[in-house]
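Engineer: Here it is, the structure in full.
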Amino acid sequence: MSDTGDTAGAVGTTDTAGAVDTADAADDSAASASPATTDDATSLRTLHAIAIATIATVLGVAALFFIQRRAPDWDPQYARDIVERTMRFGGSYYENSVHNKGPLEPGLYHLAAMVTSFDSFWFAISAMVIGGSLLIGFACRRVVMLFDGEAWLGWAAVAIGFIHLAVRADYAGVLYSRNMTTTLLCAAFLLLTGPGAERGSTRRKAACLVGGGVCLGLAVQTLQPTLLSAMVIVAIGLFVVGRTQLVVARREVPARALLAGAMLLSFLSAPVWYLLRGSWGPFWDGWWVYGRYMSSALGRGVTEQMGLGWHQFYVYSQTHAPAHLCVVGFVMLGAARWPQLGRAQRRLQVLLPLWWLAGWGEVILTQRYSSHYFVVTTVPLMLLCAGLAAHVVAMLRAGGASVADRHLVPYLLVLMSLVWTGFGPLRSGVEAASSFQGVHHMAMQREQGRDGTARGVQAVLDLVSRPDDPMLTWTNYPWPFLDFRRVSATRFIWKSFLMGEIYLGPTSPEYVLPGSWELWADDVRATRPRTFLTDATFPIPPETPAAAMLETDFEPMFTTPTLSLALRNDVADELRDRSGDQPMSFSPEGGWSVAGTTVRYAGAADGASALALGDLRCRRVDAVLASGTGLSFHFANAAGVTENLELALVDERAVARSSNVTFTDFEAPLGGSRTVSLVVGRTVAALLVDDKVVAAVNLLSSTRVSLTSSGESLTLEQVGAGATPGGGEC
């Protein structure tokens with residue numbers, strides 16, 4: 001006993017003395033530390049803070065401007081078309097389109113439209129992409145920390161994940177539905193693996209479980225195959241909460257039931273909502289029936305799907321070998337460190353590869369292998385890479401190996417990521433940001449860069465209709481509505497829905513939703529579109545109701561090799577109506593003379609041939625070309641801010657041009673009546689020959705017009721002026 005007691009006392013004495021000695025040594029060390037050493041440490045921290053803030057700012061600004069150029073891809077533009085039509089006519093997204101995904105996608109685009117202007121819309125989408133990329137980057141950081149990784153490695157994972165998803169890959173920089181579902185899965189992962197779900201207060205645990213369940217339910221609601229990946233996240237959450245009982249509204253509720261209930265209610269929210277509001281039919285037809293068409297149309301059985309999936313996996317592995325080696329490395333190093341891993345880490349070691357495999361299962365079920373679909377496999381792959389990095393660093397430290405200075409390594413990793421990505425996107429974003437002079441200036445530059453055909457079509461559209469008016473089309477492109485700032489006259493924004501054309505699949509009438517043509521006709525009657533735009537790339541089949549309507553209710557008014565614009569019969573009559581014309585007064589000079597309603601040019605000694613017509617804003621000039629074939633209408637820009645514009649008839653060709661470039665140059669043979677009309681709006685003008693538009697321009701800087709002759713003589717009879725038809729910008 002005495003020996004034991006003595007030993008205990010001796011140990012206690014030794015510990016106390018050691019503590020005192022250690023404290024004294026620390027005090028001596030602190031006392032001996034020079035002010036210069038402390039200042040150096042502070043300066044180093046300040047330098048790191050400045051460097052991190054600078055890198056984050058440059059990456060953020062560059063990504064914002066790069067993504068706003070990249071974001072208007074096919075599906076994003078279609079989603080915006082749906083939103084623009086819904087905002088114009090009301091109703092649900094599924095009553096304004098054929099949409100085979102959940103309402104989250106158009107909902108986010110609707111939010112972007114509500115908080116921005118028409119021209120700044122894609123900046124809001126860019127901000128959403130940046131937010132989603134950062135969230136996934138933080139999910140990578142969470143994996144590093146769950147495997148007891150270093151903090152600097154976690155922050156490097158955030159930066160690298162952001163770079164990859166914001167500017168690097170084919171699926172980067174866009175807000176596709178699969179980018180949304182992977183972000184929701186990562187949000188659920190963060191909520192269900194965070195300290196709040198494991199050891200927070202009852203309220204905090206409940207919030208994390210409900211939030212995680214809502215994210216998972218919305219992900220599956222958006223794309224049903226996401227259920228495979230969602231089940232992996234559910235398993236992670238169930239392991240975290242275990243058999244915990246939470247007191248909610250004075251009742252004990254199993255934490256697992258709270259998670260499952262939140263997920264189920266979130267998933268059912270859209271079907272229940274559309275059922276209660278009375279638009280179940282359109283919702284079900286798009287979300288489920290057309291979604292089933294997208295799958296069944298490919299005609300593959302389960303065995304064929306799996307065979308094709310294995311082939312695609314093999315091909316993908318050949319082109320992405322380093323990424324898949326990371327999967328092997330994660331599994332092998334995890335197995336090597338298995339004895340050192342805790343129970344939660346072991347579960348994560350197993351479930352992360354299952355998430356990656358579930359992503360591949362989702363791709364195989366959809367049977368589409370375009371590059372942007374692979375974001376569902378890449379995100380869990382990024383988490384695996386983060387876990388692999390944590391394993392490597394842990395094993396190096398456990399083996400006594402020296403890891404490079406922790407302040408330098410994150411910068412090197414980010415630099416390597418940028419080198420791998422290529423500096424093109426970053427440079428493009430920085431250049432766009434440095435030249436940015438405002439949204440309006442950016443929109444004007446975009447307008448001035450449009451091709452001549454688009455300028456001409458825009459001019460005629462603006463003469464007879466207004467922005468956000470319905471426009472009937474026959475196209476498989478989503479951009480005509482946004483380019484010309486019109487909305488689809490029918491819910492069938494793409495003609496593929498009316499022809500049974502399945503993306504990457506066959507075409508058959510059996511893939512047309514029942515009653516589609518009747519709904520198309522109902523929409524046309526309800527919206528009464530004034531214009532019908534057709535694309536030469538997509539000729540209208542002659543046996544369709546669309547062809548019959550174009551033949552009977554519309555008149556082709558402006559025809560180009562690529563786009564043709566027809567006007568509703570009454571609108572076409574208004575555009576060529578000359579019944580209200582009144583005589584014009586002129587101050588002729590040079591070689592011009594006026595007699596009643598006849599204007600002649602017989603040449604001028606000094607070569608001048610300009611006849612001022614005055615300010616023709618919202619006015620028209622009509623005449624009969626009695627002799628001569630060369631005349632030009634000039635829109636002068638006295639301020640010299642933009643180029644002078646011109647509409648001309650030269651040797652039976654109609655030309656729209658500026659001082660430096662010809663926009664359009666089409667054949668315009670003069671018929672028997674030889675009528676010529678110039679119709680001017682506020683910012684547009686169109687030249688008609690024999691009641692058809694042959695040339696048009698938009699973005700006029702001035703509506704003061706002068707007439708010149710390009711020949712030696714010119715005679716115009718029955719010259720008169722009237723008002724531009726209503727319904728357009730006048």
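Identifiers in this document derive from the order of the structure tokens: chains are assigned A, B, ..., residues are numbered from 1 separately in each chain, and ligands are numbered from 1 in order of occurrence.
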List the spatial neighbours of region 122-136 of chain A as a list in words - criterion: any atom at most 6 Å away, only C-alpha atoms, same-chain residues fewer than 5 positions off excluded.
Structural biologist: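 Answer for this query is Leu64, Ile67, Gln68, Ala112, Phe162, Leu165, Thr183 and Cys186 of chain A.
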Engineer: Take the selection from the previous step and output its residues with N, CA, C and O atoms, as a short mmCIF file (atom, residue, chain, number, x, y, z; two decimals), in the first residue's frame.
Structural biologist:
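Just written: selection_9.cif:
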```cif
data_model
loop_
_atom_site.label_atom_id
_atom_site.label_comp_id
_atom_site.auth_asym_id
_atom_site.auth_seq_id
_atom_site.Cartn_x
_atom_site.Cartn_y
_atom_site.Cartn_z
N LEU A 64 -18.40 35.30 -63.07
CA LEU A 64 -19.70 35.96 -63.26
C LEU A 64 -19.88 36.38 -64.71
O LEU A 64 -20.93 36.14 -65.32
N ILE A 67 -19.73 33.19 -67.21
CA ILE A 67 -20.93 32.36 -67.16
C ILE A 67 -22.11 33.06 -67.82
O ILE A 67 -22.92 32.42 -68.50
N GLN A 68 -22.23 34.38 -67.66
CA GLN A 68 -23.38 35.04 -68.27
C GLN A 68 -23.33 34.98 -69.79
O GLN A 68 -24.35 35.10 -70.45
N ALA A 112 -35.13 34.46 -61.41
CA ALA A 112 -34.14 35.33 -62.07
C ALA A 112 -34.82 36.44 -62.86
O ALA A 112 -34.36 37.59 -62.86
N PHE A 162 -14.97 24.73 -57.21
CA PHE A 162 -15.61 25.90 -57.83
C PHE A 162 -15.09 26.13 -59.24
O PHE A 162 -15.88 26.35 -60.18
N LEU A 165 -16.54 23.46 -61.71
CA LEU A 165 -17.97 23.53 -62.02
C LEU A 165 -18.40 24.88 -62.56
O LEU A 165 -19.47 24.99 -63.15
N THR A 183 -26.59 19.80 -57.09
CA THR A 183 -26.44 20.81 -56.04
C THR A 183 -27.35 20.50 -54.87
O THR A 183 -26.96 20.63 -53.70
N CYS A 186 -25.89 17.70 -52.82
CA CYS A 186 -24.78 18.17 -51.99
C CYS A 186 -25.28 19.01 -50.82
O CYS A 186 -24.72 18.96 -49.72
#
```
Engineer: For Val174 (chain A), list every protein, DNA or RNA residue within 7 Å, evaluated using only C-alpha atoms, and leave out those in the same chain fewer than 3 positions away; present the list as a list in words.
Structural biologist: Arg70, Ala71, Val129 and Tyr171 of chain A
Engineer: Restricting it to N, CA, C and O atoms, dump the selection as a PDB file, in the first residue's frame.
Structural biologist:
```
ATOM      1  N   ARG A  70     -21.865  32.158 -71.211  1.00  0.00           N
ATOM      2  CA  ARG A  70     -21.965  30.718 -71.427  1.00  0.00           C
ATOM      3  C   ARG A  70     -23.355  30.175 -71.109  1.00  0.00           C
ATOM      4  O   ARG A  70     -23.813  29.205 -71.714  1.00  0.00           O
ATOM      5  N   ALA A  71     -24.035  30.818 -70.175  1.00  0.00           N
ATOM      6  CA  ALA A  71     -25.287  30.271 -69.638  1.00  0.00           C
ATOM      7  C   ALA A  71     -26.414  30.117 -70.661  1.00  0.00           C
ATOM      8  O   ALA A  71     -27.210  29.181 -70.542  1.00  0.00           O
ATOM      9  N   VAL A 129     -25.380  29.888 -60.677  1.00  0.00           N
ATOM     10  CA  VAL A 129     -24.370  28.874 -60.992  1.00  0.00           C
ATOM     11  C   VAL A 129     -23.182  28.994 -60.046  1.00  0.00           C
ATOM     12  O   VAL A 129     -22.653  27.987 -59.548  1.00  0.00           O
ATOM     13  N   TYR A 171     -20.338  20.807 -68.804  1.00  0.00           N
ATOM     14  CA  TYR A 171     -21.543  21.058 -68.014  1.00  0.00           C
ATOM     15  C   TYR A 171     -21.359  22.231 -67.059  1.00  0.00           C
ATOM     16  O   TYR A 171     -22.232  22.499 -66.236  1.00  0.00           O
TER      17      TYR A 171
END
```
Engineer: Taking only C-alpha atoms into account, name the residue in A:Ile540, A:Val439, A:Leu461, A:Val655 that is nearest to Met499 (chain A).
Structural biologist: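 Closest to Met499 (chain A), using only C-alpha atoms: A:Ile540.
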Engineer: Counting only C-alpha atoms, what is within 10 Å of Gly242 (chain A), bar same-chain residues fewer than 6 positions away, as a PyMOL selection string?
Structural biologist: chain A and resi 198+254-256
Engineer: Measuring between only C-alpha atoms, which one of A:Phe497, A:Tyr411, A:Phe492, A:Tyr316 shows the shortest distance to Leu153 (chain A)?
Structural biologist: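 Answer, going by the shortest atom-to-atom distance: A:Tyr411.
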Engineer: As a PyMOL selection string, please: the residues near Tyr78 (chain A) (cut-off 10 Å, only C-alpha atoms, same-chain neighbours under 5 positions excluded).
Structural biologist: chain A and resi 72-73+83-84+97+99+106+477-479+481-482+493-494
Engineer: Ala56 (chain A): which residues within 10 Å, counting only C-alpha atoms, same-chain residues fewer than 6 positions away excluded, as a short mmCIF file (atom, residue, chain, number, x, y, z; two decimals) with N, CA, C and O atoms, in the first residue's frame?
Structural biologist:
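Written output follows (part_15.cif):
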```
data_model
loop_
_atom_site.label_atom_id
_atom_site.label_comp_id
_atom_site.auth_asym_id
_atom_site.auth_seq_id
_atom_site.Cartn_x
_atom_site.Cartn_y
_atom_site.Cartn_z
N ILE A 50 -4.84 38.98 -47.86
CA ILE A 50 -4.93 39.80 -49.07
C ILE A 50 -4.89 38.92 -50.31
O ILE A 50 -5.66 39.12 -51.27
N ALA A 62 -14.51 37.07 -62.76
CA ALA A 62 -14.29 36.43 -64.05
C ALA A 62 -15.36 35.38 -64.32
O ALA A 62 -15.89 35.29 -65.44
N ALA A 159 -11.95 25.71 -53.61
CA ALA A 159 -11.52 26.50 -54.78
C ALA A 159 -11.48 25.64 -56.04
O ALA A 159 -11.96 26.06 -57.10
#
```
Engineer: Step one, run DSSP on the backbone; step two, keep only residues of region 606-716 of chain A assigned to strand (DSSP E or B); then write them as a PyMOL selection string.
Structural biologist: chain A and resi 611-615+619-627+631-635+645-650+653-658+662-667+675-680+684-689+692-698+704-709+714-716
Engineer: Just to confirm, what's the straight-line distance from CA of Gln367 (chain A) to CA of Ser92 (chain A) in Å (one decimal)?
Structural biologist: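 Computing the Euclidean distance for CA of Gln367 (chain A) and CA of Ser92 (chain A) yields 28.9 Å.
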Engineer: What's the 9 Å shell around Gly359 (chain A), counting only C-alpha atoms, without same-chain residues fewer than 4 positions away, as a PyMOL selection string?
Structural biologist: chain A and resi 226+228-229+354-355+363-364+374-380
Engineer: Need the shell around Leu192 (chain A): protein/DNA/RNA residues with any atom at most 7 Å away, counting only C-alpha atoms. Skip same-chain ones fewer than 6 positions apart. Format as a count of residues only?
Structural biologist: 4
Engineer: Quick one: distance from CA of Arg141 (chain A) to CA of Leu175 (chain A) in Å, one decimal?
Structural biologist: 22.5 Å
Engineer: From the set A:Val719, A:Glu555, A:Val679, A:Gln305, which residue has the shortest atom-to-atom contact distance to Phe586 (chain A), counting only C-alpha atoms?
Structural biologist: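 That would be A:Val719, the residue with the smallest distance to Phe586 (chain A).
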